[in-house]
$ cat protein14.txt   # compact mmCIF, C-alpha atoms
# COMPACT_ATOMS: atom_id res chain seq x y z
CA MET A 1 -23.04 22.32 -8.20
CA THR A 2 -24.68 19.53 -6.22
CA GLY A 3 -21.66 18.54 -4.14
CA PHE A 4 -17.92 18.01 -3.90
CA ASP A 5 -15.23 15.81 -2.38
CA PHE A 6 -11.68 16.63 -1.31
CA ALA A 7 -8.75 14.69 0.12
CA ASP A 8 -5.63 16.42 1.46
CA PRO A 9 -2.91 13.77 1.85
CA GLU A 10 -0.40 16.17 3.42
CA ARG A 11 -2.69 17.20 6.28
CA GLY A 12 -4.85 14.08 6.49
CA LEU A 13 -8.11 15.99 6.00
CA SER A 14 -10.84 14.75 3.67
CA GLY A 15 -14.55 15.08 3.23
CA THR A 16 -17.64 14.89 1.09
CA VAL A 17 -20.35 17.56 1.03
CA ARG A 18 -23.73 17.69 -0.71
CA ARG A 19 -25.98 20.68 -1.33
CA SER A 20 -28.77 18.73 0.41
CA GLY A 21 -26.85 19.03 3.70
CA ALA A 22 -25.28 15.59 3.96
CA ALA A 23 -21.64 16.05 4.98
CA LEU A 24 -18.79 13.92 6.32
CA LEU A 25 -15.37 15.18 7.38
CA PHE A 26 -12.35 13.05 8.34
CA ASP A 27 -9.09 13.72 10.16
CA HIS A 28 -6.86 10.89 8.94
CA GLU A 29 -8.83 7.70 9.73
CA ASP A 30 -11.06 9.36 12.38
CA VAL A 31 -14.50 10.85 11.75
CA LEU A 32 -14.18 14.55 12.51
CA ALA A 33 -17.83 15.46 11.88
CA ALA A 34 -20.86 13.87 10.23
CA SER A 35 -24.41 15.07 9.65
CA PRO A 36 -27.29 14.53 7.20
CA GLU A 37 -28.35 18.15 7.85
CA ALA A 38 -25.21 20.29 7.88
CA SER A 39 -25.40 23.99 7.05
CA VAL A 40 -24.12 24.11 3.45
CA GLU A 41 -23.69 27.27 1.36
CA LEU A 42 -22.45 26.91 -2.22
CA GLY A 43 -21.91 29.75 -4.66
CA ASP A 44 -20.61 29.87 -8.24
CA SER A 45 -18.66 32.77 -9.76
CA ASP A 46 -17.31 32.20 -13.27
CA ASP A 47 -15.43 28.88 -12.98
CA THR A 48 -14.79 29.13 -9.24
CA THR A 49 -17.09 27.67 -6.60
CA SER A 50 -17.13 28.84 -3.00
CA ALA A 51 -18.31 26.58 -0.20
CA ARG A 52 -19.05 27.16 3.47
CA VAL A 53 -20.02 24.18 5.60
CA SER A 54 -20.81 24.07 9.34
CA LEU A 55 -21.45 20.89 11.35
CA ASP A 56 -20.68 19.52 14.81
CA GLY A 57 -18.66 22.59 15.80
CA VAL A 58 -16.49 22.44 12.66
CA THR A 59 -16.52 25.09 9.93
CA LEU A 60 -15.09 24.55 6.47
CA GLU A 61 -14.53 27.42 4.02
CA LEU A 62 -13.17 26.50 0.58
CA GLU A 63 -12.79 27.67 -2.98
CA LEU A 64 -12.79 25.14 -5.82
CA ALA A 65 -11.22 26.02 -9.19
CA PRO A 66 -11.22 23.56 -12.12
CA VAL A 67 -7.86 22.13 -13.18
CA GLY A 68 -9.10 19.51 -15.63
CA GLN A 69 -11.77 18.93 -18.22
CA SER A 70 -15.29 18.15 -17.03
CA VAL A 71 -16.65 14.72 -17.85
CA SER A 72 -20.26 13.57 -17.98
CA LEU A 73 -21.60 10.23 -16.83
CA GLU A 74 -25.13 9.12 -17.68
CA THR A 75 -26.53 6.03 -15.99
CA GLU A 76 -30.03 4.63 -16.41
CA GLY A 77 -31.95 5.44 -13.25
CA LEU A 78 -29.46 8.10 -12.09
CA GLY A 79 -29.50 10.65 -14.89
CA ALA A 80 -26.47 12.57 -16.12
CA GLU A 81 -23.83 13.93 -13.73
CA GLU A 82 -20.95 16.26 -14.64
CA MET A 83 -17.73 15.87 -12.67
CA THR A 84 -14.63 18.09 -12.62
CA VAL A 85 -11.24 17.83 -10.90
CA CYS A 86 -10.61 21.03 -8.92
CA ARG A 87 -7.90 22.69 -6.94
CA VAL A 88 -9.31 23.06 -3.42
CA LEU A 89 -8.00 25.87 -1.19
CA GLY A 90 -9.25 27.18 2.12
CA GLU A 91 -9.36 26.38 5.80
CA LEU A 92 -11.02 24.19 8.38
CA ARG A 93 -11.74 25.66 11.80
CA ARG A 94 -12.28 23.66 14.99
CA ASP A 95 -11.72 24.33 18.69
CA GLY A 96 -10.82 27.93 17.93
CA ALA A 97 -7.95 27.01 15.60
CA ALA A 98 -7.72 27.16 11.80
CA GLU A 99 -6.05 24.55 9.59
CA GLU A 100 -5.13 25.08 5.95
CA VAL A 101 -6.65 22.90 3.24
CA ALA A 102 -4.78 22.70 -0.08
CA CYS A 103 -5.38 19.70 -2.30
CA LEU A 104 -7.32 18.27 -5.22
CA GLY A 105 -11.00 17.42 -5.18
CA VAL A 106 -13.90 16.56 -7.46
CA ARG A 107 -16.89 18.82 -8.05
CA SER A 108 -20.22 17.26 -9.11
CA ALA A 109 -23.27 18.76 -10.79
CA GLY A 110 -26.54 17.26 -11.97
CA GLY A 111 -27.69 13.71 -11.52
CA SER A 112 -30.99 12.62 -9.99
CA GLU A 113 -32.03 11.00 -6.74
CA PRO A 114 -32.22 7.20 -7.04
CA ASP A 115 -35.63 5.54 -6.87
CA PHE A 116 -35.20 2.75 -4.32
CA SER A 117 -38.51 1.22 -5.27
CA GLN A 118 -36.68 0.21 -8.46
CA LEU A 119 -33.06 0.06 -7.31
CA GLU A 120 -31.29 -2.05 -4.71
CA LEU A 121 -28.25 0.17 -4.34
CA THR A 122 -26.03 2.68 -6.13
CA ARG A 123 -22.24 2.95 -6.14
CA SER A 124 -20.06 5.90 -7.07
CA VAL A 125 -16.31 6.35 -7.46
CA ALA A 126 -14.60 9.73 -7.99
CA VAL A 127 -10.79 9.77 -8.00
CA ALA A 128 -8.54 12.79 -8.57
CA PHE A 129 -5.07 11.76 -9.71
CA SER A 130 -2.01 13.74 -8.68
CA ASP A 131 -1.43 14.85 -12.30
CA GLY A 132 -4.92 16.40 -12.54
CA GLY A 133 -6.61 13.46 -14.26
CA MET A 134 -9.70 11.68 -13.04
CA LEU A 135 -11.43 8.32 -12.84
CA ALA A 136 -15.21 8.44 -12.39
CA LEU A 137 -17.74 5.63 -12.17
CA ARG A 138 -21.44 5.37 -11.32
CA ALA A 139 -23.42 2.16 -10.99
CA ALA A 140 -27.05 1.34 -10.24
CA ARG A 141 -28.20 -2.15 -9.29
CA PRO A 142 -31.87 -2.94 -10.03
CA ARG A 143 -33.90 -4.84 -7.46
CA GLY A 144 -33.66 -8.56 -8.03
CA ALA A 145 -30.30 -8.32 -9.81
CA GLN A 146 -28.35 -11.57 -9.82
CA GLY A 147 -24.84 -10.11 -10.07
CA HIS A 148 -22.45 -7.69 -11.80
CA GLY A 149 -23.95 -8.43 -15.19
CA ASP A 150 -27.25 -6.80 -14.21
CA GLU A 151 -25.68 -3.62 -12.79
CA ARG A 152 -25.98 -0.49 -14.93
CA THR A 153 -22.62 1.26 -15.05
CA ALA A 154 -20.97 4.27 -16.66
CA ALA A 155 -17.29 5.17 -16.32
CA VAL A 156 -14.65 7.45 -17.82
CA VAL A 157 -10.93 8.02 -17.37
CA ALA A 158 -9.64 11.53 -18.12
CA SER A 159 -6.08 12.78 -18.42
CA ALA A 160 -4.88 16.17 -17.21
CA ASP A 161 -4.61 17.43 -20.81
CA GLY A 162 -8.28 16.73 -21.54
CA GLU A 163 -8.10 13.33 -23.24
CA VAL A 164 -11.16 11.30 -22.22
CA THR A 165 -11.36 7.51 -22.46
CA ARG A 166 -14.95 6.29 -22.55
CA ILE A 167 -15.48 2.94 -20.89
CA GLU A 168 -17.74 0.40 -22.55
CA GLN A 169 -17.68 -2.12 -19.72
CA ALA A 170 -16.66 -1.69 -16.09
CA LEU A 171 -16.29 -4.35 -13.42
CA LEU A 172 -16.01 -3.08 -9.84
CA SER A 173 -15.14 -5.81 -7.32
CA THR A 174 -15.26 -4.94 -3.62
CA GLN A 175 -14.13 -6.46 -0.33
CA TYR A 176 -16.20 -5.62 2.76
CA ASP A 177 -15.51 -5.72 6.49
CA GLU A 178 -17.69 -7.34 9.18
CA ALA A 179 -19.88 -4.23 9.34
CA GLY A 180 -20.57 -4.46 5.62
CA ARG A 181 -18.44 -1.45 4.72
CA HIS A 182 -16.12 -1.49 1.72
CA VAL A 183 -12.40 -1.60 2.49
CA ARG A 184 -10.72 -2.70 -0.77
CA ALA A 185 -11.67 -2.59 -4.42
CA THR A 186 -10.42 -3.47 -7.87
CA LEU A 187 -11.60 -2.12 -11.19
CA GLU A 188 -11.37 -3.57 -14.68
CA LEU A 189 -12.25 -1.06 -17.39
CA TRP A 190 -12.68 -1.95 -21.06
CA ALA A 191 -12.43 1.10 -23.31
CA ALA A 192 -15.03 1.66 -26.01
CA GLY A 193 -13.80 1.15 -29.58
CA PRO A 194 -13.86 -1.20 -32.55
CA GLU A 195 -10.87 -3.18 -31.28
CA PRO A 196 -10.82 -3.06 -27.49
CA GLY A 197 -7.52 -4.10 -25.98
CA PRO A 198 -6.82 -5.44 -22.51
CA PRO A 199 -8.67 -3.69 -19.69
CA LEU A 200 -7.31 -0.84 -17.65
CA ARG A 201 -6.89 -2.04 -14.09
CA ALA A 202 -7.15 -0.02 -10.90
CA ALA A 203 -6.91 -0.96 -7.24
CA GLY A 204 -7.85 0.92 -4.10
CA SER A 205 -7.63 0.48 -0.33
CA ILE A 206 -9.36 2.40 2.41
CA VAL A 207 -7.87 5.40 4.19
CA CYS A 208 -10.98 6.38 6.15
CA GLY A 209 -14.70 5.73 6.08
CA THR A 210 -18.01 5.66 7.94
CA SER A 211 -21.77 5.35 7.50
CA LEU A 212 -24.53 7.95 7.62
CA ALA A 213 -28.30 7.41 7.79
CA LEU A 214 -30.17 9.45 5.18
CA GLY A 215 -33.83 8.85 5.86
CA ASP A 216 -34.60 5.36 4.61
CA GLN A 217 -31.14 4.94 3.08
CA ARG A 218 -27.71 4.10 4.46
CA LEU A 219 -24.78 5.96 2.93
CA ASP A 220 -21.39 4.28 3.28
CA VAL A 221 -18.59 6.69 2.34
CA ALA A 222 -14.90 5.86 2.21
CA PHE A 223 -11.83 7.57 0.82
CA PHE A 224 -9.47 5.19 -0.91
CA ARG A 225 -5.88 5.44 -2.01
CA TRP A 226 -6.00 4.36 -5.68
CA SER A 227 -3.56 3.37 -8.40
CA ILE A 228 -4.26 2.91 -12.11
CA SER A 229 -1.43 2.07 -14.50
CA GLY A 230 1.03 3.41 -11.94
CA ARG A 231 -0.82 6.73 -11.48
CA PRO A 232 -1.52 7.43 -7.79
CA GLY A 233 -4.72 9.11 -6.70
CA LEU A 234 -7.10 9.70 -3.80
CA GLY A 235 -10.84 9.60 -4.05
CA ARG A 236 -14.25 8.77 -2.74
CA TYR A 237 -16.02 5.44 -3.07
CA GLU A 238 -19.60 5.50 -1.79
CA VAL A 239 -22.43 3.01 -1.58
CA LEU A 240 -26.03 4.11 -1.05
CA ALA A 241 -28.65 1.47 -0.22
CA GLY A 242 -32.08 1.19 1.32
CA GLN A 243 -31.98 0.42 5.04
CA GLY A 244 -32.04 -3.33 5.56
CA ASP A 245 -30.95 -4.06 1.93
$ encode --input "protein14.txt" --output "structure tokens"
Amino acid sequence: MTGFDFADPERGLSGTVRRSGAALLFDHEDVLAASPEASVELGDSDDTTSARVSLDGVTLELELAPVGQSVSLETEGLGAEEMTVCRVLGELRRDGAAEEVACLGVRSAGGSEPDFSQLELTRSVAVAFSDGGMLALRAARPRGAQGHGDERTAAVVASADGEVTRIEQALLSTQYDEAGRHVRATLELWAAGPEPGPPLRAAGSIVCGTSLALGDQRLDVAFFRWSISGRPGLGRYEVLAGQGD
């Protein structure tokens, strides 16, 4: 496993963690802790993954167990990444007190680090729906790209019972605030097939978000409340770009 995300709507806790040490934790709309070099321990046992994360005086201990079928996304320049909706259980400790975490999340494995000598930015969406389904998207924008048509994208929509809809074309439109961070988004997804019908449409709006410097890159991470065809979900939308891009 290379990382995971979780969002607990009942308790207002959410976060994203990478094996590399980059970690962001939120309490409702506030940043609870953020570090590019958190202490991250990940361990796999059968299908269950254990995680222990420590940063800024906060400790997170979780277990992630798959509840849906894994899906694979392969994007030119980013390699192949496997993503799985998981049941996330555990606790978050701060100021001497423990808080329960019980929600859905998305576990990621694989993928490769983007080469920013060739790419302008990358975007990633990972949404766990309340019924156990998932929407996943990855996009890489080459340097010198003129618009959406030049962006390399891969996307899938998966149902809780394992049905996977491969997406032939994905259009991700985003609204940004004055700081250049994403706050709203819409998705149009055309399924692959001999007779593609009208696109699936999804919309999301920000719940919480912040930025983190990762060496020469800026990572903008936000958790959005999403809806696709009436299915509610929570999930991460991140943008990674070279500093100054």
$ closest_residue --input "protein14.txt" --among "A:Gly162, A:Gly21, A:Gly180, A:Gly57" --to "Asp131 in chain A" --atoms "all atoms listed in the file"
A:Gly162
$ residues_around --input "protein14.txt" --residues "Glu151 in chain A" --least-positions-apart "6" --cutoff "12 Å" --atoms "only C-alpha atoms" --output "NGL selection string"
:A and (75-77 or 119-123 or 138-145 or 169-172)
$ atom_distance --input "protein14.txt" --atom1 "CA of Leu62 in chain A" --atom2 "CA of Gly12 in chain A"
16.1 Å
$ atom_distance --input "protein14.txt" --atom1 "CA of Ala34 in chain A" --atom2 "CA of Asp220 in chain A"
11.9 Å
$ closest_atom_pairs --input "protein14.txt" --of "range 81-188 of chain A" --to "range 206-218 of chain A" --cutoff "8 Å" --atoms "all atoms listed in the file" --output "CSV"
residue,atom,partner,partner_atom,distance
A:Arg181,CA,A:Thr210,CA,7.8
A:His182,CA,A:Ile206,CA,7.8
A:Val183,CA,A:Ile206,CA,5.0
A:Arg184,CA,A:Ile206,CA,6.2
$ atom_distance --input "protein14.txt" --atom1 "CA of Glu10 in chain A" --atom2 "CA of Leu89 in chain A"
13.2 Å
$ closest_residue --input "protein14.txt" --among "A:Thr49, A:Ser205, A:Ser108, A:Gln118" --to "Gly90 in chain A" --atoms "all atoms listed in the file"
A:Thr49
$ residues_around --input "protein14.txt" --residues "range 92-96 of chain A" --least-positions-apart "2" --cutoff "7 Å" --atoms "all atoms listed in the file" --output "list in words"
Gly57, Val58, Thr59, Leu60, Glu61, Ala98, Glu99, Glu100 and Val101 of chain A
$ residues_near_point --input "protein14.txt" --point "(-17.9, 30.3, -4.9)" --cutoff "12 Å" --atoms "all atoms listed in the file" --output "PyMOL selection string"
chain A and resi 1+41-52+61-66+88-90+107
$ closest_residue --input "protein14.txt" --among "A:Ala191, A:Val53, A:Leu25, A:Met134" --to "Phe6 in chain A" --atoms "all atoms listed in the file"
A:Leu25
$ closest_atom_pairs --input "protein14.txt" --of "range 55-140 of chain A" --to "range 225-240 of chain A" --cutoff "6 Å" --atoms "only C-alpha atoms" --output "CSV"
residue,atom,partner,partner_atom,distance
A:Leu121,CA,A:Leu240,CA,5.6
A:Thr122,CA,A:Leu240,CA,5.3
A:Arg123,CA,A:Val239,CA,4.6
A:Ser124,CA,A:Glu238,CA,5.3
A:Val125,CA,A:Tyr237,CA,4.5
A:Ala126,CA,A:Arg236,CA,5.3
A:Val127,CA,A:Gly235,CA,4.0
A:Ala128,CA,A:Gly233,CA,5.6
A:Phe129,CA,A:Gly233,CA,4.0
A:Ser130,CA,A:Gly233,CA,5.7
$ closest_residue --input "protein14.txt" --among "A:Pro114, A:Pro199, A:Gly204, A:Gly132" --to "Gly242 in chain A" --atoms "only C-alpha atoms"
A:Pro114
$ closest_residue --input "protein14.txt" --among "A:Leu200, A:Ala179, A:Val31, A:Val85" --to "Asp161 in chain A" --atoms "only C-alpha atoms"
A:Val85
$ residues_around --input "protein14.txt" --residues "Glu37 in chain A" --least-positions-apart "3" --cutoff "8 Å" --atoms "all atoms listed in the file" --output "list in words"
Ser20, Gly21, Ala22 and Ala23 of chain A
$ closest_residue --input "protein14.txt" --among "A:Leu104, A:Val156, A:Ala222, A:Ala97" --to "Ala185 in chain A" --atoms "all atoms listed in the file"
A:Ala222
